[in-house]
file protein-v9.cif (mmCIF, C-alpha atoms)
data_start
loop_
_atom_site.label_atom_id
_atom_site.label_comp_id
_atom_site.auth_asym_id
_atom_site.auth_seq_id
_atom_site.Cartn_x
_atom_site.Cartn_y
_atom_site.Cartn_z
CA MET A 1 -12.99 27.32 -6.58
CA GLY A 2 -13.35 25.16 -9.71
CA GLY A 3 -11.97 26.29 -13.05
CA LYS A 4 -12.30 25.19 -16.64
CA ILE A 5 -10.17 23.00 -18.87
CA ILE A 6 -10.40 23.37 -22.62
CA LEU A 7 -10.39 19.95 -24.22
CA ALA A 8 -8.61 19.06 -27.44
CA ASP A 9 -11.95 18.84 -29.26
CA GLY A 10 -12.91 22.36 -28.18
CA GLY A 11 -15.25 21.25 -25.39
CA VAL A 12 -15.22 22.64 -21.88
CA LYS A 13 -14.76 20.54 -18.75
CA MET A 14 -15.26 21.78 -15.21
CA LYS A 15 -12.21 21.31 -13.06
CA GLY A 16 -13.10 19.81 -9.71
CA SER A 17 -11.14 18.93 -6.60
CA HIS A 18 -7.95 16.97 -7.15
CA LYS A 19 -7.03 16.27 -3.53
CA GLU A 20 -6.16 12.75 -4.62
CA MET A 21 -3.22 14.14 -6.56
CA HIS A 22 -0.27 16.04 -5.07
CA LYS A 23 2.59 18.05 -6.61
CA ASP A 24 2.62 19.96 -9.90
CA TYR A 25 2.46 17.35 -12.64
CA PHE A 26 1.07 13.88 -13.36
CA LEU A 27 1.33 11.46 -16.26
CA ILE A 28 -1.55 10.08 -18.30
CA ASN A 29 -0.62 7.41 -20.85
CA GLY A 30 2.98 8.56 -20.76
CA LYS A 31 2.18 12.24 -21.36
CA ILE A 32 2.94 15.03 -18.87
CA ALA A 33 -0.05 17.04 -17.67
CA PRO A 34 -0.36 19.88 -15.13
CA ALA A 35 -2.13 19.33 -11.82
CA GLU A 36 -4.99 21.59 -12.97
CA ALA A 37 -5.92 19.03 -15.65
CA PHE A 38 -6.40 16.19 -13.16
CA ASP A 39 -9.98 14.87 -13.06
CA PRO A 40 -10.58 12.52 -10.08
CA HIS A 41 -13.63 11.03 -11.81
CA GLU A 42 -11.36 9.54 -14.48
CA ILE A 43 -9.65 7.23 -12.00
CA THR A 44 -12.85 5.78 -10.51
CA LYS A 45 -15.41 5.63 -13.32
CA THR A 46 -14.41 2.07 -14.32
CA THR A 47 -12.67 -0.79 -12.52
CA SER A 48 -9.31 0.67 -11.50
CA VAL A 49 -6.37 -1.51 -10.51
CA TYR A 50 -3.59 0.27 -8.65
CA GLU A 51 -0.32 0.15 -6.76
CA VAL A 52 1.10 2.62 -4.24
CA ILE A 53 4.89 2.83 -4.52
CA ARG A 54 7.16 4.59 -2.08
CA ILE A 55 9.89 6.84 -3.44
CA ILE A 56 13.05 7.12 -1.34
CA HIS A 57 15.99 9.21 -2.60
CA GLY A 58 14.28 9.21 -6.00
CA ILE A 59 14.21 5.39 -6.12
CA PRO A 60 10.90 3.47 -6.35
CA LEU A 61 11.12 0.96 -3.50
CA PHE A 62 10.73 -2.72 -4.46
CA LEU A 63 9.39 -1.66 -7.86
CA GLU A 64 9.77 -5.07 -9.47
CA GLU A 65 7.45 -6.68 -6.91
CA HIS A 66 4.83 -3.94 -7.24
CA LEU A 67 4.67 -4.32 -11.02
CA GLU A 68 4.51 -8.09 -10.76
CA ARG A 69 1.55 -7.82 -8.36
CA LEU A 70 -0.15 -5.31 -10.66
CA ASN A 71 0.01 -7.76 -13.54
CA GLN A 72 -1.34 -10.51 -11.29
CA SER A 73 -4.28 -8.28 -10.38
CA PHE A 74 -5.20 -7.86 -14.06
CA HIS A 75 -5.21 -11.59 -14.59
CA LEU A 76 -7.19 -12.31 -11.40
CA LEU A 77 -9.89 -9.94 -12.64
CA GLY A 78 -9.98 -11.65 -16.03
CA PHE A 79 -8.26 -8.95 -18.09
CA ASP A 80 -5.75 -9.92 -20.75
CA PHE A 81 -3.36 -7.05 -20.13
CA SER A 82 0.16 -6.70 -18.79
CA ILE A 83 2.03 -3.55 -17.88
CA ASP A 84 5.19 -2.75 -19.84
CA LYS A 85 7.66 -2.75 -16.96
CA LYS A 86 10.44 -0.92 -18.80
CA SER A 87 8.13 1.86 -19.97
CA ILE A 88 6.52 2.33 -16.54
CA THR A 89 9.93 2.42 -14.86
CA GLN A 90 10.99 5.21 -17.20
CA GLN A 91 7.75 7.09 -16.58
CA ILE A 92 8.16 6.86 -12.81
CA HIS A 93 11.63 8.36 -13.01
CA GLN A 94 10.26 11.06 -15.30
CA LEU A 95 7.50 11.89 -12.79
CA VAL A 96 10.06 12.11 -9.99
CA GLU A 97 12.27 14.48 -11.94
CA ILE A 98 9.63 16.83 -13.34
CA ASN A 99 8.20 17.30 -9.84
CA LYS A 100 11.62 17.32 -8.14
CA CYS A 101 10.03 15.00 -5.59
CA TYR A 102 12.41 12.39 -4.20
CA HIS A 103 10.68 11.26 -0.97
CA TYR A 104 6.96 10.57 -1.36
CA ASN A 105 4.38 7.97 -2.37
CA LEU A 106 3.08 7.71 -5.90
CA LYS A 107 0.07 5.93 -7.26
CA LEU A 108 -0.05 3.92 -10.46
CA ILE A 109 -3.61 3.36 -11.70
CA VAL A 110 -4.75 1.37 -14.71
CA ASN A 111 -8.39 1.43 -15.85
CA ASN A 112 -10.57 1.17 -18.97
CA LEU A 113 -9.26 -2.37 -19.05
CA LYS A 114 -11.96 -3.55 -21.44
CA GLU A 115 -10.60 -1.26 -24.13
CA ALA A 116 -7.76 -2.07 -26.53
CA TYR A 117 -5.57 0.56 -24.87
CA PRO A 118 -6.27 0.99 -21.13
CA ASN A 119 -5.54 4.28 -19.40
CA ILE A 120 -2.44 4.50 -17.23
CA PHE A 121 -2.17 7.23 -14.60
CA LEU A 122 0.90 8.07 -12.54
CA PHE A 123 0.78 10.73 -9.84
CA PHE A 124 1.96 11.58 -6.35
CA ILE A 125 -0.52 11.21 -3.51
CA GLU A 126 -0.79 12.46 0.04
CA SER A 127 1.96 10.65 1.92
CA ASN A 128 1.70 10.22 5.68
CA TYR A 129 4.33 8.16 7.45
CA PRO A 130 4.28 7.10 11.10
CA SER A 131 6.11 9.41 13.47
CA HIS A 132 9.14 8.37 15.48
CA GLN A 133 6.87 8.36 18.54
CA GLN A 134 4.44 5.95 16.89
CA TYR A 135 7.26 3.53 16.13
CA GLU A 136 8.44 3.85 19.72
CA LYS A 137 5.04 3.61 21.43
CA GLY A 138 2.96 1.70 18.89
CA ILE A 139 -0.49 2.48 17.53
CA ALA A 140 -4.12 1.70 18.36
CA ALA A 141 -6.26 -0.51 16.11
CA ILE A 142 -9.91 -1.50 16.01
CA LEU A 143 -11.72 -4.57 14.72
CA TYR A 144 -13.93 -3.93 11.70
CA GLN A 145 -16.45 -6.40 10.26
CA GLY A 146 -15.74 -6.58 6.54
CA GLU A 147 -13.83 -8.40 3.83
CA ARG A 148 -12.78 -7.81 0.24
CA GLU A 149 -14.63 -9.60 -2.56
CA ASN A 150 -11.36 -10.41 -4.35
CA PRO A 151 -8.63 -9.85 -1.73
CA ASN A 152 -5.69 -10.78 -3.99
CA ALA A 153 -6.49 -8.00 -6.49
CA LYS A 154 -5.74 -4.40 -5.52
CA VAL A 155 -8.82 -2.56 -6.75
CA ILE A 156 -10.08 0.89 -5.73
CA LEU A 157 -13.08 0.45 -3.39
CA LYS A 158 -14.03 4.01 -2.59
CA SER A 159 -17.14 3.42 -0.44
CA PHE A 160 -15.44 0.72 1.65
CA ARG A 161 -12.47 3.00 2.30
CA GLN A 162 -14.73 5.86 3.37
CA GLN A 163 -16.65 3.65 5.81
CA VAL A 164 -13.43 2.42 7.41
CA GLN A 165 -12.07 5.96 7.70
CA GLU A 166 -15.22 7.05 9.52
CA ALA A 167 -14.87 4.15 11.98
CA LEU A 168 -11.19 4.97 12.59
CA LYS A 169 -11.97 8.62 13.20
CA ALA A 170 -14.75 7.76 15.65
CA ALA A 171 -12.42 5.45 17.61
CA ASP A 172 -9.34 7.70 17.29
CA ALA A 173 -7.44 4.68 15.96
CA TYR A 174 -4.70 4.29 13.33
CA GLU A 175 -5.74 1.04 11.62
CA ALA A 176 -8.76 -1.25 11.27
CA ILE A 177 -8.24 -5.01 11.40
CA LEU A 178 -10.81 -6.70 9.17
CA VAL A 179 -12.93 -9.56 10.54
CA ASP A 180 -14.61 -11.90 8.03
CA GLN A 181 -17.92 -13.77 8.18
CA HIS A 182 -16.23 -16.65 10.05
CA GLN A 183 -15.10 -14.26 12.80
CA GLN A 184 -11.48 -14.60 11.73
CA ILE A 185 -9.13 -11.69 11.20
CA THR A 186 -7.70 -11.36 7.71
CA GLU A 187 -5.79 -8.11 7.10
CA GLY A 188 -5.78 -4.43 7.88
CA SER A 189 -7.79 -1.94 5.88
CA ARG A 190 -4.51 -0.71 4.36
CA SER A 191 -2.00 -3.25 5.66
CA ASN A 192 -1.20 -6.85 6.42
CA ILE A 193 -1.29 -8.08 9.99
CA PHE A 194 1.15 -10.37 11.82
CA LEU A 195 0.69 -11.82 15.30
CA VAL A 196 3.53 -13.10 17.50
CA LYS A 197 3.14 -15.93 19.99
CA GLU A 198 6.26 -17.44 21.62
CA ASP A 199 8.61 -16.30 18.82
CA ILE A 200 6.38 -17.70 16.06
CA LEU A 201 4.71 -15.31 13.62
CA TYR A 202 1.16 -15.91 12.44
CA THR A 203 -0.64 -14.29 9.54
CA ALA A 204 -3.80 -15.05 7.56
CA PRO A 205 -3.52 -17.37 4.52
CA ALA A 206 -2.44 -15.71 1.27
CA ALA A 207 -5.76 -16.59 -0.38
CA LYS A 208 -7.63 -14.41 2.13
CA VAL A 209 -5.56 -11.23 1.90
CA LEU A 210 -3.91 -8.81 -0.46
CA LYS A 211 -0.44 -10.27 -0.74
CA GLY A 212 1.39 -7.10 0.16
CA VAL A 213 4.89 -6.44 -1.13
CA THR A 214 5.98 -5.70 2.44
CA ARG A 215 4.22 -8.86 3.68
CA ASN A 216 6.15 -11.01 1.24
CA ARG A 217 9.43 -9.35 2.20
CA ILE A 218 8.72 -9.91 5.90
CA ILE A 219 8.05 -13.60 5.35
CA ASP A 220 11.34 -13.97 3.47
CA LEU A 221 13.24 -12.01 6.12
CA CYS A 222 11.82 -14.19 8.88
CA LYS A 223 13.32 -17.23 7.18
CA SER A 224 16.77 -15.64 7.33
CA LEU A 225 16.15 -14.70 10.97
CA LYS A 226 15.19 -18.32 11.73
CA PHE A 227 11.67 -17.30 12.78
CA SER A 228 8.80 -19.59 11.84
CA VAL A 229 5.90 -18.00 9.96
CA VAL A 230 2.57 -19.83 10.00
CA GLU A 231 -0.12 -18.84 7.49
CA THR A 232 -3.37 -19.92 9.12
CA PRO A 233 -6.89 -18.68 9.85
CA ILE A 234 -6.68 -16.48 12.95
CA SER A 235 -9.61 -16.50 15.36
CA LEU A 236 -10.50 -13.63 17.62
CA THR A 237 -9.65 -15.90 20.55
CA PHE A 238 -6.13 -16.42 19.24
CA LEU A 239 -5.78 -12.69 18.68
CA ARG A 240 -6.57 -12.06 22.34
CA GLU A 241 -3.91 -14.61 23.37
CA ALA A 242 -1.11 -13.17 21.21
CA ASP A 243 2.05 -11.76 22.81
CA GLY A 244 2.11 -8.90 20.31
CA LEU A 245 1.19 -7.89 16.79
CA PHE A 246 2.18 -5.48 14.06
CA MET A 247 1.00 -4.12 10.74
CA THR A 248 3.02 -3.93 7.53
CA GLY A 249 2.67 -1.77 4.45
CA THR A 250 4.29 0.64 2.03
CA SER A 251 4.06 3.67 4.33
CA PRO A 252 4.11 2.13 7.84
CA LYS A 253 6.81 -0.47 7.08
CA VAL A 254 6.72 -2.56 10.30
CA LEU A 255 4.58 -0.78 12.89
CA PRO A 256 3.78 -2.28 16.32
CA ILE A 257 0.13 -2.39 17.40
CA THR A 258 -0.24 -1.82 21.15
CA SER A 259 -4.02 -2.01 21.48
CA VAL A 260 -6.98 -3.56 19.64
CA ASP A 261 -10.43 -2.33 20.66
CA GLY A 262 -8.81 -1.11 23.86
CA LYS A 263 -7.09 -4.40 24.75
CA PRO A 264 -3.38 -3.69 25.38
CA TYR A 265 -0.47 -5.63 23.87
CA ASP A 266 3.20 -5.31 24.82
CA SER A 267 4.27 -5.23 21.17
CA ILE A 268 6.90 -2.50 21.52
CA ARG A 269 8.94 -4.61 23.93
CA ASN A 270 8.55 -7.83 21.98
CA ALA A 271 12.04 -8.98 20.90
CA THR A 272 10.74 -10.78 17.80
CA ILE A 273 8.92 -7.71 16.50
CA TYR A 274 11.96 -5.55 17.20
CA LYS A 275 14.24 -7.86 15.19
CA VAL A 276 11.79 -7.95 12.27
CA GLN A 277 11.63 -4.14 12.30
CA ARG A 278 15.41 -3.79 12.19
CA ALA A 279 15.77 -6.41 9.45
CA TYR A 280 13.16 -4.74 7.25
CA ASP A 281 14.73 -1.30 7.66
CA ALA A 282 18.07 -2.82 6.65
CA ALA A 283 16.48 -4.44 3.58
CA ILE A 284 15.14 -1.05 2.47
CA GLU A 285 18.51 0.60 2.95
CA ASN A 286 20.28 -2.14 0.99
CA TYR A 287 17.79 -1.94 -1.89
CA ILE A 288 17.95 1.86 -2.19
CA ASN A 289 21.74 1.99 -1.89
CA GLY A 290 22.11 -0.72 -4.50
CA ARG A 291 19.98 1.22 -7.03
CA ILE A 292 21.75 4.49 -6.31
CA HIS A 293 25.15 2.91 -6.86
CA SER A 294 24.00 1.21 -10.08
CA GLN A 295 22.93 4.60 -11.48
CA SER A 296 26.20 6.36 -10.59
#
call {"tool": "encode", "arguments": {"input": "protein-v9.cif", "output": "structure tokens"}}
result
Amino acid sequence: MGGKIILADGGVKMKGSHKEMHKDYFLINGKIAPAEAFDPHEITKTTSVYEVIRIIHGIPLFLEEHLERLNQSFHLLGFDFSIDKKSITQQIHQLVEINKCYHYNLKLIVNNLKEAYPNIFLFFIESNYPSHQQYEKGIAAILYQGERENPNAKVILKSFRQQVQEALKAADAYEAILVDQHQQITEGSRSNIFLVKEDILYTAPAAKVLKGVTRNRIIDLCKSLKFSVVETPISLTFLREADGLFMTGTSPKVLPITSVDGKPYDSIRNATIYKVQRAYDAAIENYINGRIHSQS
């Protein structure tokens, strides 16, 4: 049942659902606020640029890359604004400590970008990670006709997300692979997609996708593993001929896809995918351990 929040100017504001936000506290422009004060309308009423950052042992994973991409998103959308990386880093650690939450995903949202001082929100969100069984057996995906207007900028697109979720629920699938107007696959609805064919990895060109932090890490890791990565338009025909494929992202990490629209793929037994999985897990462990040691 909704409640009321008394505003600083004496007004009254109805408190609605704040399912978007988890835990007890969030930050708005560097100030701590209780969960009851969270208004979901405030994060969608204007263009909102965001990042989802995974917290492991209290450490924000690959934080530098997330903040760099956030600043790139502002510039791609034509806004002359850059996030203060030092300040945001401090705020993230503050959010972790006040909520005593050391293993979860948080969301960083910036909006009101046309104003002199944009709003900056930091809060924990529902965090669902693949199960051990899903890593072992892979997940089902569907093809979904749709593409982002500005794929390189991470902007909240509420209606698009709802439509995809409805399609996933109807198909009992984990991820939707987007197909553009040229009948080429680009990315997942919440991930990047890699195909494997004869030990070569293929992924859509950077200009056509959100350049995920995990995606960039995977490409770099493949170089050290001596695997070739080809960024090229991927037709539906080539998809059908692939030996295997996987999705990448903040929550799923490297997750094998074992069917697309019912067509099976032997991704879980693909040696290339297995090696990429192990290398990425090791990269996470090294990053987190390095930050923990630097703080001690």
call {"tool": "closest_residue", "arguments": {"input": "protein-v9.cif", "among": "A:His182, A:Arg291, A:Lys275, A:Arg269", "to": "A:Ile218", "atoms": "all atoms listed in the file"}}
result
A:Lys275
call {"tool": "resolve_selection", "arguments": {"input": "protein-v9.cif", "expression": "the PyMOL selection byres ((chain A and resi 138) around 6)", "output": "PyMOL selection string"}}
result
chain A and resi 134-137+139+256-258
call {"tool": "write_last_selection", "arguments": {"input": "protein-v9.cif", "atoms": "C-alpha atoms", "output": "PDB file, in the coordinates of the input"}}
result
ATOM      1  CA  GLN A 134       4.440   5.950  16.890  1.00  0.00           C
ATOM      2  CA  TYR A 135       7.260   3.530  16.130  1.00  0.00           C
ATOM      3  CA  GLU A 136       8.440   3.850  19.720  1.00  0.00           C
ATOM      4  CA  LYS A 137       5.040   3.610  21.430  1.00  0.00           C
ATOM      5  CA  ILE A 139      -0.490   2.480  17.530  1.00  0.00           C
ATOM      6  CA  PRO A 256       3.780  -2.280  16.320  1.00  0.00           C
ATOM      7  CA  ILE A 257       0.130  -2.390  17.400  1.00  0.00           C
ATOM      8  CA  THR A 258      -0.240  -1.820  21.150  1.00  0.00           C
TER       9      THR A 258
END
call {"tool": "residues_around", "arguments": {"input": "protein-v9.cif", "residues": "A:Ile120", "least_positions_apart": "5", "cutoff": "6 Å", "atoms": "only C-alpha atoms", "output": "ChimeraX atom specification"}}
result
/A:28-29,109-110
call {"tool": "resolve_selection", "arguments": {"input": "protein-v9.cif", "expression": "the PyMOL selection byres ((chain A and resi 240) around 12)", "output": "VMD selection string"}}
result
chain A and resid 143 184 to 185 195 to 197 234 to 239 241 to 245 259 to 265
call {"tool": "atom_distance", "arguments": {"input": "protein-v9.cif", "atom1": "atom CA of A:Leu27", "atom2": "atom CA of A:Ile88"}}
result
10.5 Å
call {"tool": "resolve_selection", "arguments": {"input": "protein-v9.cif", "expression": "the PyMOL selection byres ((chain A and resi 172) around 12)", "output": "list in words"}}
result
Ile139, Ala140, Ala141, Ile142, Val164, Gln165, Glu166, Ala167, Leu168, Lys169, Ala170, Ala171, Ala173, Tyr174, Glu175, Ala176, Ser259, Val260, Asp261 and Gly262 of chain A
call {"tool": "write_last_selection", "arguments": {"input": "protein-v9.cif", "atoms": "C-alpha atoms", "output": "tab-separated table (two decimals), in the coordinates of the input"}}
result
chain	number	residue	atom	x	y	z
A	139	ILE	CA	-0.49	2.48	17.53
A	140	ALA	CA	-4.12	1.70	18.36
A	141	ALA	CA	-6.26	-0.51	16.11
A	142	ILE	CA	-9.91	-1.50	16.01
A	164	VAL	CA	-13.43	2.42	7.41
A	165	GLN	CA	-12.07	5.96	7.70
A	166	GLU	CA	-15.22	7.05	9.52
A	167	ALA	CA	-14.87	4.15	11.98
A	168	LEU	CA	-11.19	4.97	12.59
A	169	LYS	CA	-11.97	8.62	13.20
A	170	ALA	CA	-14.75	7.76	15.65
A	171	ALA	CA	-12.42	5.45	17.61
A	173	ALA	CA	-7.44	4.68	15.96
A	174	TYR	CA	-4.70	4.29	13.33
A	175	GLU	CA	-5.74	1.04	11.62
A	176	ALA	CA	-8.76	-1.25	11.27
A	259	SER	CA	-4.02	-2.01	21.48
A	260	VAL	CA	-6.98	-3.56	19.64
A	261	ASP	CA	-10.43	-2.33	20.66
A	262	GLY	CA	-8.81	-1.11	23.86
call {"tool": "closest_residue", "arguments": {"input": "protein-v9.cif", "among": "A:Asn105, A:Ser267, A:Gln91, A:Thr214", "to": "A:Arg69", "atoms": "all atoms listed in the file"}}
result
A:Thr214
call {"tool": "atom_distance", "arguments": {"input": "protein-v9.cif", "atom1": "atom CA of A:Met247", "atom2": "atom CA of A:Gln183"}}
result
19.1 Å
call {"tool": "closest_residue", "arguments": {"input": "protein-v9.cif", "among": "A:Gln295, A:Asn99, A:Asn119, A:Gln163", "to": "A:Ile83", "atoms": "all atoms listed in the file"}}
result
A:Asn119
call {"tool": "atom_distance", "arguments": {"input": "protein-v9.cif", "atom1": "atom CA of A:Cys222", "atom2": "atom CA of A:Ile268"}}
result
17.9 Å
call {"tool": "residues_around", "arguments": {"input": "protein-v9.cif", "residues": "stretch 248-253 of chain A", "least_positions_apart": "3", "cutoff": "9 Å", "atoms": "all atoms listed in the file", "output": "short mmCIF file (atom, residue, chain, number, x, y, z; two decimals) with C-alpha atoms, keeping the file's coordinate frame"}}
result
data_model
loop_
_atom_site.label_atom_id
_atom_site.label_comp_id
_atom_site.auth_asym_id
_atom_site.auth_seq_id
_atom_site.Cartn_x
_atom_site.Cartn_y
_atom_site.Cartn_z
CA VAL A 52 1.10 2.62 -4.24
CA ILE A 53 4.89 2.83 -4.52
CA ARG A 54 7.16 4.59 -2.08
CA LEU A 61 11.12 0.96 -3.50
CA ASN A 105 4.38 7.97 -2.37
CA SER A 127 1.96 10.65 1.92
CA ASN A 128 1.70 10.22 5.68
CA TYR A 129 4.33 8.16 7.45
CA PRO A 130 4.28 7.10 11.10
CA TYR A 135 7.26 3.53 16.13
CA GLY A 188 -5.78 -4.43 7.88
CA ARG A 190 -4.51 -0.71 4.36
CA SER A 191 -2.00 -3.25 5.66
CA ASN A 192 -1.20 -6.85 6.42
CA ILE A 193 -1.29 -8.08 9.99
CA PHE A 194 1.15 -10.37 11.82
CA GLY A 212 1.39 -7.10 0.16
CA VAL A 213 4.89 -6.44 -1.13
CA THR A 214 5.98 -5.70 2.44
CA ARG A 215 4.22 -8.86 3.68
CA ILE A 218 8.72 -9.91 5.90
CA PRO A 256 3.78 -2.28 16.32
CA GLN A 277 11.63 -4.14 12.30
CA TYR A 280 13.16 -4.74 7.25
CA ASP A 281 14.73 -1.30 7.66
#
call {"tool": "residues_around", "arguments": {"input": "protein-v9.cif", "residues": "A:Glu42", "least_positions_apart": "3", "cutoff": "10 Å", "atoms": "all atoms listed in the file", "output": "list in words"}}
result
Phe38, Asp39, Lys45, Thr46, Ser48, Asn111, Asn112, Asn119 and Phe121 of chain A
call {"tool": "residues_around", "arguments": {"input": "protein-v9.cif", "residues": "A:Val276", "least_positions_apart": "6", "cutoff": "10 Å", "atoms": "only C-alpha atoms", "output": "number ranges by chain"}}
result
A: 218-219, 221-222, 225, 227, 254, 282
call {"tool": "closest_residue", "arguments": {"input": "protein-v9.cif", "among": "A:Ile59, A:Ile98, A:Ala206, A:Leu201", "to": "A:Thr272", "atoms": "all atoms listed in the file"}}
result
A:Leu201
call {"tool": "build_atoms", "arguments": {"input": "protein-v9.cif", "residues": "stretch 170-185 of chain A", "atoms": "N, CA and C atoms", "output": "PDB file, keeping the file's coordinate frame"}}
result
ATOM      1  N   ALA A 170     -13.889   7.849  14.472  1.00  0.00           N
ATOM      2  CA  ALA A 170     -14.750   7.760  15.650  1.00  0.00           C
ATOM      3  C   ALA A 170     -14.033   7.124  16.836  1.00  0.00           C
ATOM      4  N   ALA A 171     -13.142   6.170  16.550  1.00  0.00           N
ATOM      5  CA  ALA A 171     -12.420   5.450  17.610  1.00  0.00           C
ATOM      6  C   ALA A 171     -11.063   6.062  17.923  1.00  0.00           C
ATOM      7  N   ASP A 172     -10.666   7.092  17.157  1.00  0.00           N
ATOM      8  CA  ASP A 172      -9.340   7.700  17.290  1.00  0.00           C
ATOM      9  C   ASP A 172      -8.260   6.631  17.198  1.00  0.00           C
ATOM     10  N   ALA A 173      -8.377   5.791  16.171  1.00  0.00           N
ATOM     11  CA  ALA A 173      -7.440   4.680  15.960  1.00  0.00           C
ATOM     12  C   ALA A 173      -6.687   4.875  14.653  1.00  0.00           C
ATOM     13  N   TYR A 174      -5.581   4.152  14.502  1.00  0.00           N
ATOM     14  CA  TYR A 174      -4.700   4.290  13.330  1.00  0.00           C
ATOM     15  C   TYR A 174      -5.067   3.300  12.234  1.00  0.00           C
ATOM     16  N   GLU A 175      -5.460   2.083  12.611  1.00  0.00           N
ATOM     17  CA  GLU A 175      -5.740   1.040  11.620  1.00  0.00           C
ATOM     18  C   GLU A 175      -6.931   0.192  12.050  1.00  0.00           C
ATOM     19  N   ALA A 176      -7.638  -0.340  11.042  1.00  0.00           N
ATOM     20  CA  ALA A 176      -8.760  -1.250  11.270  1.00  0.00           C
ATOM     21  C   ALA A 176      -8.365  -2.645  10.828  1.00  0.00           C
ATOM     22  N   ILE A 177      -8.532  -3.608  11.713  1.00  0.00           N
ATOM     23  CA  ILE A 177      -8.240  -5.010  11.400  1.00  0.00           C
ATOM     24  C   ILE A 177      -9.555  -5.656  10.960  1.00  0.00           C
ATOM     25  N   LEU A 178      -9.583  -6.163   9.732  1.00  0.00           N
ATOM     26  CA  LEU A 178     -10.810  -6.700   9.170  1.00  0.00           C
ATOM     27  C   LEU A 178     -11.139  -8.083   9.740  1.00  0.00           C
ATOM     28  N   VAL A 179     -12.421  -8.289  10.020  1.00  0.00           N
ATOM     29  CA  VAL A 179     -12.930  -9.560  10.540  1.00  0.00           C
ATOM     30  C   VAL A 179     -13.928 -10.106   9.530  1.00  0.00           C
ATOM     31  N   ASP A 180     -13.730 -11.351   9.075  1.00  0.00           N
ATOM     32  CA  ASP A 180     -14.610 -11.900   8.030  1.00  0.00           C
ATOM     33  C   ASP A 180     -15.848 -12.557   8.633  1.00  0.00           C
ATOM     34  N   GLN A 181     -16.658 -13.166   7.762  1.00  0.00           N
ATOM     35  CA  GLN A 181     -17.920 -13.770   8.180  1.00  0.00           C
ATOM     36  C   GLN A 181     -17.730 -14.957   9.122  1.00  0.00           C
ATOM     37  N   HIS A 182     -16.534 -15.529   9.150  1.00  0.00           N
ATOM     38  CA  HIS A 182     -16.230 -16.650  10.050  1.00  0.00           C
ATOM     39  C   HIS A 182     -15.637 -16.180  11.370  1.00  0.00           C
ATOM     40  N   GLN A 183     -15.661 -14.876  11.587  1.00  0.00           N
ATOM     41  CA  GLN A 183     -15.100 -14.260  12.800  1.00  0.00           C
ATOM     42  C   GLN A 183     -13.606 -14.544  12.927  1.00  0.00           C
ATOM     43  N   GLN A 184     -12.942 -14.459  11.779  1.00  0.00           N
ATOM     44  CA  GLN A 184     -11.480 -14.600  11.730  1.00  0.00           C
ATOM     45  C   GLN A 184     -10.899 -13.299  11.185  1.00  0.00           C
ATOM     46  N   ILE A 185      -9.752 -12.896  11.720  1.00  0.00           N
ATOM     47  CA  ILE A 185      -9.130 -11.690  11.200  1.00  0.00           C
ATOM     48  C   ILE A 185      -8.345 -12.033   9.931  1.00  0.00           C
TER      49      ILE A 185
END
